[in-house]
Amino acid sequence: MAAEIKRRKILVLGATSALGYEALKHFAKDGDQFFLVARNPKRLETVADDLKVRGAGKVETLQADFNDFDRHPKLIAQAVSALGGLTTVLIAHGLLPDQGACQKDYALTEEALRVNFLSEVSLLTIIANQFEEQKQGEIAVITSVAGDRGRASSYVYASAKAALDTFLSGLRNRLAKSNVQVLTIKPGLIETPMTANLERKPLIVKPTGVGRDIYKAILKKKEVLYTPWWWRIIMAVLVCIPEKIFKRTNL
């Protein structure tokens, strides 16, 4: 499909996220067009200006709260109108909740699930139907390696990501018949504002290389991307540990 698309028309949901931004820099050099959506208008403007300098063919922006589910259909319609259609959607927004606080307050758990799972499902439902109808498209969604196995330190966040992984797997199976690519992006621990408050940071990497990996995975029509690559091995080992042993670990 990459050969068929001369210039991608990309809707980016969570355009100010560190990983999303790093990926967009590469697409900008290709002269692709963007409709950027995020909550912070000042940061959104900064990202838009930078992508223009890097060679983006067109950049439009929209400030929006992804928890406003009723606005999702209009949001996507605005992107389609602004770019004259869509070829690609990158979903990059998310929230890393405080696990300890979530354990004490269900409202915080519900908020984390809404942001990290339900808001994506709402958006993906609309996007999937449109791409299925037009018989082509690229959908890329940033989840996390955390979804591969629940751990005491992050199981609320991991639960949302695991649910999203399963949803994307089913969506990929459904849309394959319509020439629609669905890419599940599973980054490990990345140095971003979202992870700045974490106490333990083994194997943490900068977002630059991850953004490049995302860009290449979309071009190569991959289904699942672990980034950096070694997280596929780490998580494969972690998943195989028997529950009787795993529950004694401090992870």
# chains A, B, ... in the order shown; residues from 1 in each chain; ligands from 1
$ residues_around --residues "Ala162 in chain A" --least-positions-apart "6" --cutoff "12 Å" --atoms "only C-alpha atoms" --output "PDB file with all heavy atoms, in the first residue's frame"
ATOM      1  N   LEU A 113      -9.306   3.830  32.529  1.00  0.00           N
ATOM      2  CA  LEU A 113      -9.867   2.931  31.522  1.00  0.00           C
ATOM      3  C   LEU A 113     -10.539   3.709  30.391  1.00  0.00           C
ATOM      4  O   LEU A 113     -10.470   3.316  29.227  1.00  0.00           O
ATOM      5  CB  LEU A 113     -10.861   1.970  32.175  1.00  0.00           C
ATOM      6  CG  LEU A 113     -10.267   0.971  33.174  1.00  0.00           C
ATOM      7  CD1 LEU A 113     -11.369   0.158  33.839  1.00  0.00           C
ATOM      8  CD2 LEU A 113      -9.262   0.043  32.496  1.00  0.00           C
ATOM      9  N   ASN A 116      -7.491   5.313  28.338  1.00  0.00           N
ATOM     10  CA  ASN A 116      -6.561   4.370  27.708  1.00  0.00           C
ATOM     11  C   ASN A 116      -7.222   3.264  26.901  1.00  0.00           C
ATOM     12  O   ASN A 116      -6.529   2.546  26.178  1.00  0.00           O
ATOM     13  CB  ASN A 116      -5.665   3.738  28.776  1.00  0.00           C
ATOM     14  CG  ASN A 116      -4.719   4.741  29.403  1.00  0.00           C
ATOM     15  OD1 ASN A 116      -4.074   5.520  28.705  1.00  0.00           O
ATOM     16  ND2 ASN A 116      -4.645   4.737  30.717  1.00  0.00           N
ATOM     17  N   PHE A 117      -8.537   3.118  27.024  1.00  0.00           N
ATOM     18  CA  PHE A 117      -9.215   2.070  26.263  1.00  0.00           C
ATOM     19  C   PHE A 117     -10.491   2.565  25.576  1.00  0.00           C
ATOM     20  O   PHE A 117     -10.589   2.550  24.354  1.00  0.00           O
ATOM     21  CB  PHE A 117      -9.539   0.883  27.167  1.00  0.00           C
ATOM     22  CG  PHE A 117     -10.326  -0.207  26.490  1.00  0.00           C
ATOM     23  CD1 PHE A 117      -9.869  -0.783  25.318  1.00  0.00           C
ATOM     24  CD2 PHE A 117     -11.528  -0.652  27.022  1.00  0.00           C
ATOM     25  CE1 PHE A 117     -10.599  -1.783  24.671  1.00  0.00           C
ATOM     26  CE2 PHE A 117     -12.263  -1.646  26.393  1.00  0.00           C
ATOM     27  CZ  PHE A 117     -11.795  -2.221  25.216  1.00  0.00           C
ATOM     28  N   ILE A 142      -0.798   3.255  19.542  1.00  0.00           N
ATOM     29  CA  ILE A 142       0.227   3.021  20.548  1.00  0.00           C
ATOM     30  C   ILE A 142      -0.417   2.438  21.801  1.00  0.00           C
ATOM     31  O   ILE A 142      -1.266   3.072  22.427  1.00  0.00           O
ATOM     32  CB  ILE A 142       0.979   4.320  20.888  1.00  0.00           C
ATOM     33  CG1 ILE A 142       1.708   4.847  19.644  1.00  0.00           C
ATOM     34  CG2 ILE A 142       1.978   4.078  22.029  1.00  0.00           C
ATOM     35  CD1 ILE A 142       2.418   6.174  19.852  1.00  0.00           C
ATOM     36  N   THR A 143      -0.025   1.212  22.149  1.00  0.00           N
ATOM     37  CA  THR A 143      -0.481   0.585  23.387  1.00  0.00           C
ATOM     38  C   THR A 143       0.732   0.496  24.318  1.00  0.00           C
ATOM     39  O   THR A 143       1.364   1.502  24.592  1.00  0.00           O
ATOM     40  CB  THR A 143      -1.122  -0.785  23.128  1.00  0.00           C
ATOM     41  OG1 THR A 143      -0.136  -1.730  22.691  1.00  0.00           O
ATOM     42  CG2 THR A 143      -2.217  -0.678  22.082  1.00  0.00           C
ATOM     43  N   SER A 144       1.074  -0.674  24.825  1.00  0.00           N
ATOM     44  CA  SER A 144       2.228  -0.801  25.705  1.00  0.00           C
ATOM     45  C   SER A 144       2.548  -2.278  25.938  1.00  0.00           C
ATOM     46  O   SER A 144       1.646  -3.122  25.924  1.00  0.00           O
ATOM     47  CB  SER A 144       1.958  -0.135  27.055  1.00  0.00           C
ATOM     48  OG  SER A 144       2.982  -0.408  27.990  1.00  0.00           O
ATOM     49  N   VAL A 145       3.814  -2.565  26.206  1.00  0.00           N
ATOM     50  CA  VAL A 145       4.187  -3.929  26.588  1.00  0.00           C
ATOM     51  C   VAL A 145       3.539  -4.306  27.921  1.00  0.00           C
ATOM     52  O   VAL A 145       3.408  -5.496  28.240  1.00  0.00           O
ATOM     53  CB  VAL A 145       5.717  -4.101  26.698  1.00  0.00           C
ATOM     54  CG1 VAL A 145       6.385  -3.886  25.356  1.00  0.00           C
ATOM     55  CG2 VAL A 145       6.312  -3.152  27.753  1.00  0.00           C
ATOM     56  N   ALA A 146       3.115  -3.305  28.686  1.00  0.00           N
ATOM     57  CA  ALA A 146       2.485  -3.568  29.986  1.00  0.00           C
ATOM     58  C   ALA A 146       1.253  -4.441  29.850  1.00  0.00           C
ATOM     59  O   ALA A 146       0.897  -5.187  30.768  1.00  0.00           O
ATOM     60  CB  ALA A 146       2.108  -2.251  30.662  1.00  0.00           C
ATOM     61  N   GLY A 147       0.586  -4.378  28.699  1.00  0.00           N
ATOM     62  CA  GLY A 147      -0.620  -5.157  28.490  1.00  0.00           C
ATOM     63  C   GLY A 147      -0.396  -6.645  28.343  1.00  0.00           C
ATOM     64  O   GLY A 147      -1.349  -7.427  28.358  1.00  0.00           O
ATOM     65  N   ASP A 148       0.864  -7.074  28.228  1.00  0.00           N
ATOM     66  CA  ASP A 148       1.149  -8.500  28.048  1.00  0.00           C
ATOM     67  C   ASP A 148       0.960  -9.302  29.331  1.00  0.00           C
ATOM     68  O   ASP A 148       0.685 -10.503  29.282  1.00  0.00           O
ATOM     69  CB  ASP A 148       2.575  -8.699  27.528  1.00  0.00           C
ATOM     70  CG  ASP A 148       2.715  -8.331  26.058  1.00  0.00           C
ATOM     71  OD1 ASP A 148       1.760  -7.771  25.496  1.00  0.00           O
ATOM     72  OD2 ASP A 148       3.779  -8.605  25.478  1.00  0.00           O
ATOM     73  N   ARG A 149       1.143  -8.644  30.484  1.00  0.00           N
ATOM     74  CA  ARG A 149       0.920  -9.342  31.755  1.00  0.00           C
ATOM     75  C   ARG A 149       0.702  -8.331  32.874  1.00  0.00           C
ATOM     76  O   ARG A 149       1.447  -7.363  33.005  1.00  0.00           O
ATOM     77  CB  ARG A 149       2.094 -10.253  32.101  1.00  0.00           C
ATOM     78  CG  ARG A 149       1.799 -11.122  33.333  1.00  0.00           C
ATOM     79  CD  ARG A 149       2.673 -12.343  33.388  1.00  0.00           C
ATOM     80  NE  ARG A 149       2.115 -13.319  34.327  1.00  0.00           N
ATOM     81  CZ  ARG A 149       2.642 -14.513  34.561  1.00  0.00           C
ATOM     82  NH1 ARG A 149       3.727 -14.895  33.919  1.00  0.00           N
ATOM     83  NH2 ARG A 149       2.079 -15.343  35.427  1.00  0.00           N
ATOM     84  N   GLY A 150      -0.313  -8.582  33.688  1.00  0.00           N
ATOM     85  CA  GLY A 150      -0.598  -7.693  34.805  1.00  0.00           C
ATOM     86  C   GLY A 150       0.434  -7.822  35.908  1.00  0.00           C
ATOM     87  O   GLY A 150       0.841  -8.936  36.256  1.00  0.00           O
ATOM     88  N   SER A 154       1.299  -1.901  38.261  1.00  0.00           N
ATOM     89  CA  SER A 154       0.668  -1.151  37.155  1.00  0.00           C
ATOM     90  C   SER A 154      -0.519  -1.879  36.531  1.00  0.00           C
ATOM     91  O   SER A 154      -0.786  -1.709  35.348  1.00  0.00           O
ATOM     92  CB  SER A 154       1.709  -0.879  36.065  1.00  0.00           C
ATOM     93  OG  SER A 154       2.218  -2.101  35.544  1.00  0.00           O
ATOM     94  N   TYR A 155      -1.264  -2.686  37.306  1.00  0.00           N
ATOM     95  CA  TYR A 155      -2.262  -3.539  36.657  1.00  0.00           C
ATOM     96  C   TYR A 155      -3.493  -2.795  36.141  1.00  0.00           C
ATOM     97  O   TYR A 155      -4.184  -3.289  35.252  1.00  0.00           O
ATOM     98  CB  TYR A 155      -2.671  -4.708  37.554  1.00  0.00           C
ATOM     99  CG  TYR A 155      -3.357  -4.370  38.856  1.00  0.00           C
ATOM    100  CD1 TYR A 155      -4.714  -4.087  38.911  1.00  0.00           C
ATOM    101  CD2 TYR A 155      -2.640  -4.382  40.055  1.00  0.00           C
ATOM    102  CE1 TYR A 155      -5.346  -3.807  40.120  1.00  0.00           C
ATOM    103  CE2 TYR A 155      -3.256  -4.110  41.257  1.00  0.00           C
ATOM    104  CZ  TYR A 155      -4.622  -3.816  41.290  1.00  0.00           C
ATOM    105  OH  TYR A 155      -5.235  -3.542  42.482  1.00  0.00           O
ATOM    106  N   VAL A 156      -3.767  -1.603  36.651  1.00  0.00           N
ATOM    107  CA  VAL A 156      -4.879  -0.827  36.088  1.00  0.00           C
ATOM    108  C   VAL A 156      -4.521  -0.370  34.673  1.00  0.00           C
ATOM    109  O   VAL A 156      -5.296  -0.549  33.717  1.00  0.00           O
ATOM    110  CB  VAL A 156      -5.223   0.376  36.982  1.00  0.00           C
ATOM    111  CG1 VAL A 156      -6.191   1.319  36.265  1.00  0.00           C
ATOM    112  CG2 VAL A 156      -5.831  -0.092  38.290  1.00  0.00           C
ATOM    113  N   LEU A 168      -7.689  -4.449  19.020  1.00  0.00           N
ATOM    114  CA  LEU A 168      -6.945  -4.223  17.781  1.00  0.00           C
ATOM    115  C   LEU A 168      -6.716  -5.521  17.010  1.00  0.00           C
ATOM    116  O   LEU A 168      -6.748  -5.535  15.777  1.00  0.00           O
ATOM    117  CB  LEU A 168      -5.606  -3.556  18.088  1.00  0.00           C
ATOM    118  CG  LEU A 168      -5.679  -2.103  18.576  1.00  0.00           C
ATOM    119  CD1 LEU A 168      -4.324  -1.637  19.069  1.00  0.00           C
ATOM    120  CD2 LEU A 168      -6.201  -1.189  17.482  1.00  0.00           C
ATOM    121  N   SER A 169      -6.489  -6.610  17.732  1.00  0.00           N
ATOM    122  CA  SER A 169      -6.317  -7.901  17.081  1.00  0.00           C
ATOM    123  C   SER A 169      -7.573  -8.299  16.311  1.00  0.00           C
ATOM    124  O   SER A 169      -7.503  -8.751  15.160  1.00  0.00           O
ATOM    125  CB  SER A 169      -5.972  -8.967  18.124  1.00  0.00           C
ATOM    126  OG  SER A 169      -5.826 -10.232  17.518  1.00  0.00           O
ATOM    127  N   THR A 184      -0.451  -2.574  15.841  1.00  0.00           N
ATOM    128  CA  THR A 184      -0.402  -2.449  17.293  1.00  0.00           C
ATOM    129  C   THR A 184       1.035  -2.120  17.688  1.00  0.00           C
ATOM    130  O   THR A 184       1.943  -2.904  17.433  1.00  0.00           O
ATOM    131  CB  THR A 184      -0.832  -3.759  17.979  1.00  0.00           C
ATOM    132  OG1 THR A 184      -2.159  -4.103  17.564  1.00  0.00           O
ATOM    133  CG2 THR A 184      -0.805  -3.606  19.494  1.00  0.00           C
ATOM    134  N   LYS A 186       3.747  -1.480  20.565  1.00  0.00           N
ATOM    135  CA  LYS A 186       3.945  -1.839  21.966  1.00  0.00           C
ATOM    136  C   LYS A 186       5.324  -1.366  22.448  1.00  0.00           C
ATOM    137  O   LYS A 186       6.286  -2.139  22.444  1.00  0.00           O
ATOM    138  CB  LYS A 186       3.784  -3.353  22.139  1.00  0.00           C
ATOM    139  CG  LYS A 186       2.397  -3.852  21.738  1.00  0.00           C
ATOM    140  CD  LYS A 186       2.319  -5.362  21.737  1.00  0.00           C
ATOM    141  CE  LYS A 186       2.256  -5.944  23.121  1.00  0.00           C
ATOM    142  NZ  LYS A 186       1.001  -5.634  23.828  1.00  0.00           N
TER     143      LYS A 186
END
$ residues_around --residues "Thr61 in chain A" --least-positions-apart "2" --cutoff "10 Å" --atoms "only C-alpha atoms" --output "ChimeraX atom specification"
/A:11-12,15,34-38,41,44-45,47-48,59,63-64,79,82
$ write_last_selection --atoms "C-alpha atoms" --output "mmCIF file, in the first residue's frame"
data_model
loop_
_atom_site.group_PDB
_atom_site.id
_atom_site.type_symbol
_atom_site.label_atom_id
_atom_site.label_comp_id
_atom_site.auth_asym_id
_atom_site.auth_seq_id
_atom_site.Cartn_x
_atom_site.Cartn_y
_atom_site.Cartn_z
ATOM 1 C CA LEU A 11 -4.979 12.139 11.328
ATOM 2 C CA VAL A 12 -3.017 12.155 14.581
ATOM 3 C CA ALA A 15 -0.238 14.711 18.372
ATOM 4 C CA PHE A 34 -1.447 16.237 8.835
ATOM 5 C CA PHE A 35 -4.528 16.936 10.904
ATOM 6 C CA LEU A 36 -3.226 17.168 14.469
ATOM 7 C CA VAL A 37 -5.470 16.807 17.506
ATOM 8 C CA ALA A 38 -4.441 17.266 21.147
ATOM 9 C CA PRO A 41 -3.231 24.230 22.168
ATOM 10 C CA LEU A 44 -0.057 21.695 19.480
ATOM 11 C CA GLU A 45 0.972 24.903 17.735
ATOM 12 C CA VAL A 47 4.414 20.704 16.953
ATOM 13 C CA ALA A 48 2.548 22.011 13.891
ATOM 14 C CA VAL A 59 -0.773 20.941 8.699
ATOM 15 C CA GLN A 63 -7.792 21.290 20.247
ATOM 16 C CA ALA A 64 -9.970 18.563 21.764
ATOM 17 C CA ALA A 79 -10.123 15.903 9.590
ATOM 18 C CA ALA A 82 -9.574 19.561 6.023
#
$ select_by_dssp --residues "range 13-232 of chain A" --states "strand (DSSP E or B)" --output "ChimeraX atom specification"
/A:13,33-38,58-63,88-91,137-142,180-187,190,205,224-227
$ write_last_selection --atoms "N, CA, C and O atoms" --output "short mmCIF file (atom, residue, chain, number, x, y, z; two decimals), in the first residue's frame"
data_model
loop_
_atom_site.label_atom_id
_atom_site.label_comp_id
_atom_site.auth_asym_id
_atom_site.auth_seq_id
_atom_site.Cartn_x
_atom_site.Cartn_y
_atom_site.Cartn_z
N LEU A 13 -4.15 11.58 16.63
CA LEU A 13 -4.91 11.80 17.85
C LEU A 13 -3.96 11.65 19.03
O LEU A 13 -3.51 10.56 19.35
N GLN A 33 0.68 15.11 4.69
CA GLN A 33 -0.23 16.12 5.24
C GLN A 33 -0.79 15.64 6.58
O GLN A 33 -0.98 14.44 6.78
N PHE A 34 -1.05 16.60 7.48
CA PHE A 34 -1.45 16.24 8.83
C PHE A 34 -2.67 17.01 9.32
O PHE A 34 -2.83 18.19 9.03
N PHE A 35 -3.49 16.30 10.09
CA PHE A 35 -4.53 16.94 10.90
C PHE A 35 -4.22 16.52 12.34
O PHE A 35 -4.39 15.35 12.70
N LEU A 36 -3.72 17.45 13.13
CA LEU A 36 -3.23 17.17 14.47
C LEU A 36 -4.26 17.52 15.53
O LEU A 36 -4.79 18.63 15.53
N VAL A 37 -4.50 16.59 16.44
CA VAL A 37 -5.47 16.81 17.51
C VAL A 37 -4.80 16.54 18.85
O VAL A 37 -4.14 15.51 19.03
N ALA A 38 -4.99 17.44 19.80
CA ALA A 38 -4.44 17.27 21.15
C ALA A 38 -5.16 18.23 22.09
O ALA A 38 -5.93 19.09 21.65
N LYS A 58 1.00 19.89 4.42
CA LYS A 58 -0.10 20.67 4.97
C LYS A 58 -0.26 20.28 6.43
O LYS A 58 -0.11 19.10 6.77
N VAL A 59 -0.56 21.24 7.28
CA VAL A 59 -0.77 20.94 8.70
C VAL A 59 -1.98 21.73 9.21
O VAL A 59 -1.98 22.96 9.16
N GLU A 60 -2.99 21.02 9.67
CA GLU A 60 -4.15 21.62 10.33
C GLU A 60 -4.20 21.11 11.76
O GLU A 60 -3.74 19.99 12.05
N THR A 61 -4.75 21.91 12.66
CA THR A 61 -4.79 21.51 14.07
C THR A 61 -6.19 21.69 14.65
O THR A 61 -7.00 22.47 14.16
N LEU A 62 -6.43 20.93 15.73
CA LEU A 62 -7.69 21.03 16.46
C LEU A 62 -7.44 20.69 17.92
O LEU A 62 -6.85 19.66 18.23
N GLN A 63 -7.88 21.57 18.81
CA GLN A 63 -7.79 21.29 20.25
C GLN A 63 -9.03 20.50 20.66
O GLN A 63 -10.15 20.88 20.32
N THR A 88 -4.36 7.58 6.67
CA THR A 88 -3.65 7.05 7.83
C THR A 88 -4.16 7.69 9.11
O THR A 88 -4.41 8.90 9.13
N VAL A 89 -4.28 6.88 10.16
CA VAL A 89 -4.63 7.41 11.48
C VAL A 89 -3.64 6.87 12.50
O VAL A 89 -3.38 5.65 12.55
N LEU A 90 -3.07 7.76 13.29
CA LEU A 90 -2.18 7.38 14.38
C LEU A 90 -2.82 7.82 15.70
O LEU A 90 -3.08 9.01 15.89
N ILE A 91 -3.09 6.86 16.58
CA ILE A 91 -3.64 7.17 17.90
C ILE A 91 -2.51 7.06 18.92
O ILE A 91 -1.93 5.99 19.11
N GLY A 137 -6.60 1.92 3.89
CA GLY A 137 -6.28 2.78 5.02
C GLY A 137 -5.25 2.15 5.94
O GLY A 137 -4.98 0.95 5.87
N GLU A 138 -4.67 2.98 6.77
CA GLU A 138 -3.66 2.54 7.74
C GLU A 138 -4.06 3.05 9.13
O GLU A 138 -4.29 4.24 9.31
N ILE A 139 -4.16 2.13 10.07
CA ILE A 139 -4.47 2.48 11.45
C ILE A 139 -3.31 2.03 12.32
O ILE A 139 -2.92 0.85 12.29
N ALA A 140 -2.75 2.94 13.08
CA ALA A 140 -1.65 2.61 14.00
C ALA A 140 -2.02 3.13 15.38
O ALA A 140 -2.40 4.29 15.53
N VAL A 141 -1.89 2.27 16.38
CA VAL A 141 -2.30 2.63 17.74
C VAL A 141 -1.18 2.29 18.71
O VAL A 141 -0.68 1.15 18.73
N ILE A 142 -0.80 3.26 19.54
CA ILE A 142 0.23 3.02 20.55
C ILE A 142 -0.42 2.44 21.80
O ILE A 142 -1.27 3.07 22.43
N VAL A 180 -7.12 -2.88 4.77
CA VAL A 180 -6.83 -1.90 5.81
C VAL A 180 -5.78 -2.47 6.76
O VAL A 180 -5.98 -3.55 7.33
N GLN A 181 -4.69 -1.76 6.93
CA GLN A 181 -3.61 -2.17 7.82
C GLN A 181 -3.94 -1.71 9.24
O GLN A 181 -4.31 -0.56 9.47
N VAL A 182 -3.78 -2.61 10.22
CA VAL A 182 -3.94 -2.25 11.64
C VAL A 182 -2.66 -2.63 12.35
O VAL A 182 -2.30 -3.80 12.42
N LEU A 183 -1.97 -1.63 12.87
CA LEU A 183 -0.69 -1.83 13.54
C LEU A 183 -0.82 -1.58 15.04
O LEU A 183 -1.27 -0.51 15.46
N THR A 184 -0.45 -2.57 15.84
CA THR A 184 -0.40 -2.45 17.29
C THR A 184 1.03 -2.12 17.69
O THR A 184 1.94 -2.90 17.43
N ILE A 185 1.22 -0.96 18.31
CA ILE A 185 2.56 -0.49 18.68
C ILE A 185 2.74 -0.68 20.18
O ILE A 185 1.99 -0.12 20.98
N LYS A 186 3.75 -1.48 20.57
CA LYS A 186 3.95 -1.84 21.97
C LYS A 186 5.32 -1.37 22.45
O LYS A 186 6.29 -2.14 22.44
N PRO A 187 5.41 -0.11 22.85
CA PRO A 187 6.69 0.38 23.36
C PRO A 187 6.96 -0.11 24.77
O PRO A 187 6.04 -0.40 25.54
N ILE A 190 9.90 4.24 27.93
CA ILE A 190 10.45 5.32 27.12
C ILE A 190 10.57 6.58 27.97
O ILE A 190 9.70 6.87 28.79
N VAL A 205 14.71 4.16 27.33
CA VAL A 205 15.37 4.71 26.14
C VAL A 205 14.70 6.02 25.76
O VAL A 205 13.60 6.33 26.19
N VAL A 224 2.26 -6.03 14.37
CA VAL A 224 2.61 -5.75 15.77
C VAL A 224 4.06 -5.30 15.83
O VAL A 224 4.93 -5.91 15.21
N LEU A 225 4.30 -4.24 16.57
CA LEU A 225 5.65 -3.72 16.74
C LEU A 225 6.00 -3.63 18.22
O LEU A 225 5.32 -2.93 18.98
N TYR A 226 7.01 -4.37 18.63
CA TYR A 226 7.62 -4.17 19.95
C TYR A 226 8.81 -3.23 19.74
O TYR A 226 9.66 -3.49 18.88
N THR A 227 8.88 -2.17 20.54
CA THR A 227 9.95 -1.21 20.37
C THR A 227 10.43 -0.66 21.70
O THR A 227 9.59 -0.27 22.52
#
$ residues_around --residues "Thr192 in chain A" --least-positions-apart "6" --cutoff "9 Å" --atoms "only C-alpha atoms" --output "PyMOL selection string"
chain A and resi 17-19+206-207
$ residues_around --residues "Phe69 in chain A" --least-positions-apart "5" --cutoff "10 Å" --atoms "only C-alpha atoms" --output "list in words"
Leu75, Arg114, Leu118, Ser119, Glu120, Ser122 and Leu123 of chain A
$ closest_residue --among "A:Gly14, A:Gly170, A:Gly100, A:Gly84" --to "Phe66 in chain A" --atoms "only C-alpha atoms"
A:Gly14
$ atom_distance --atom1 "CA of His26 in chain A" --atom2 "CA of Asn173 in chain A"
28.0 Å
$ closest_residue --among "A:Cys240, A:Arg248, A:Lys222, A:Ile126" --to "Lys74 in chain A" --atoms "only C-alpha atoms"
A:Ile126
$ select_by_dssp --residues "range 81-219 of chain A" --states "helix (DSSP H, G or I)" --output "number ranges by chain"
A: 81-83, 99-104, 106-134, 145-148, 155-178, 193-195, 207-219
$ closest_residue --among "A:Leu51, A:Ala160, A:Ala23, A:Ile10" --to "Leu83 in chain A" --atoms "only C-alpha atoms"
A:Ile10
$ residues_around --residues "Ser178 in chain A" --least-positions-apart "3" --cutoff "7 Å" --atoms "only C-alpha atoms" --output "PyMOL selection string"
chain A and resi 132+135-136+175
$ write_last_selection --atoms "all heavy atoms" --output "PDB file, in the first residue's frame"
ATOM      1  N   GLU A 132     -13.134   0.813   6.098  1.00  0.00           N
ATOM      2  CA  GLU A 132     -13.724  -0.392   5.522  1.00  0.00           C
ATOM      3  C   GLU A 132     -14.540  -0.043   4.286  1.00  0.00           C
ATOM      4  O   GLU A 132     -14.507  -0.765   3.280  1.00  0.00           O
ATOM      5  CB  GLU A 132     -14.602  -1.079   6.565  1.00  0.00           C
ATOM      6  CG  GLU A 132     -15.109  -2.449   6.142  1.00  0.00           C
ATOM      7  CD  GLU A 132     -15.823  -3.154   7.282  1.00  0.00           C
ATOM      8  OE1 GLU A 132     -16.618  -2.502   7.988  1.00  0.00           O
ATOM      9  OE2 GLU A 132     -15.588  -4.355   7.477  1.00  0.00           O
ATOM     10  N   LYS A 135     -12.187   0.885   1.438  1.00  0.00           N
ATOM     11  CA  LYS A 135     -11.381  -0.268   1.032  1.00  0.00           C
ATOM     12  C   LYS A 135      -9.875  -0.008   1.067  1.00  0.00           C
ATOM     13  O   LYS A 135      -9.108  -0.649   0.339  1.00  0.00           O
ATOM     14  CB  LYS A 135     -11.772  -0.733  -0.379  1.00  0.00           C
ATOM     15  CG  LYS A 135     -13.228  -1.135  -0.525  1.00  0.00           C
ATOM     16  CD  LYS A 135     -13.556  -2.340   0.332  1.00  0.00           C
ATOM     17  CE  LYS A 135     -14.996  -2.784   0.138  1.00  0.00           C
ATOM     18  NZ  LYS A 135     -15.366  -3.905   1.036  1.00  0.00           N
ATOM     19  N   GLN A 136      -9.441   0.856   1.932  1.00  0.00           N
ATOM     20  CA  GLN A 136      -8.021   1.071   2.138  1.00  0.00           C
ATOM     21  C   GLN A 136      -7.814   1.973   3.343  1.00  0.00           C
ATOM     22  O   GLN A 136      -8.723   2.681   3.765  1.00  0.00           O
ATOM     23  CB  GLN A 136      -7.360   1.693   0.907  1.00  0.00           C
ATOM     24  CG  GLN A 136      -7.854   3.087   0.565  1.00  0.00           C
ATOM     25  CD  GLN A 136      -7.110   3.665  -0.628  1.00  0.00           C
ATOM     26  OE1 GLN A 136      -6.204   3.057  -1.184  1.00  0.00           O
ATOM     27  NE2 GLN A 136      -7.492   4.865  -1.029  1.00  0.00           N
ATOM     28  N   LEU A 175     -10.619  -6.157   9.299  1.00  0.00           N
ATOM     29  CA  LEU A 175     -10.337  -5.194   8.238  1.00  0.00           C
ATOM     30  C   LEU A 175      -9.349  -5.692   7.195  1.00  0.00           C
ATOM     31  O   LEU A 175      -9.175  -5.054   6.159  1.00  0.00           O
ATOM     32  CB  LEU A 175      -9.826  -3.888   8.848  1.00  0.00           C
ATOM     33  CG  LEU A 175     -10.821  -3.124   9.738  1.00  0.00           C
ATOM     34  CD1 LEU A 175     -10.187  -1.849  10.276  1.00  0.00           C
ATOM     35  CD2 LEU A 175     -12.101  -2.806   8.969  1.00  0.00           C
TER      36      LEU A 175
END
$ atom_distance --atom1 "CA of Arg71 in chain A" --atom2 "CA of Leu171 in chain A"
22.2 Å
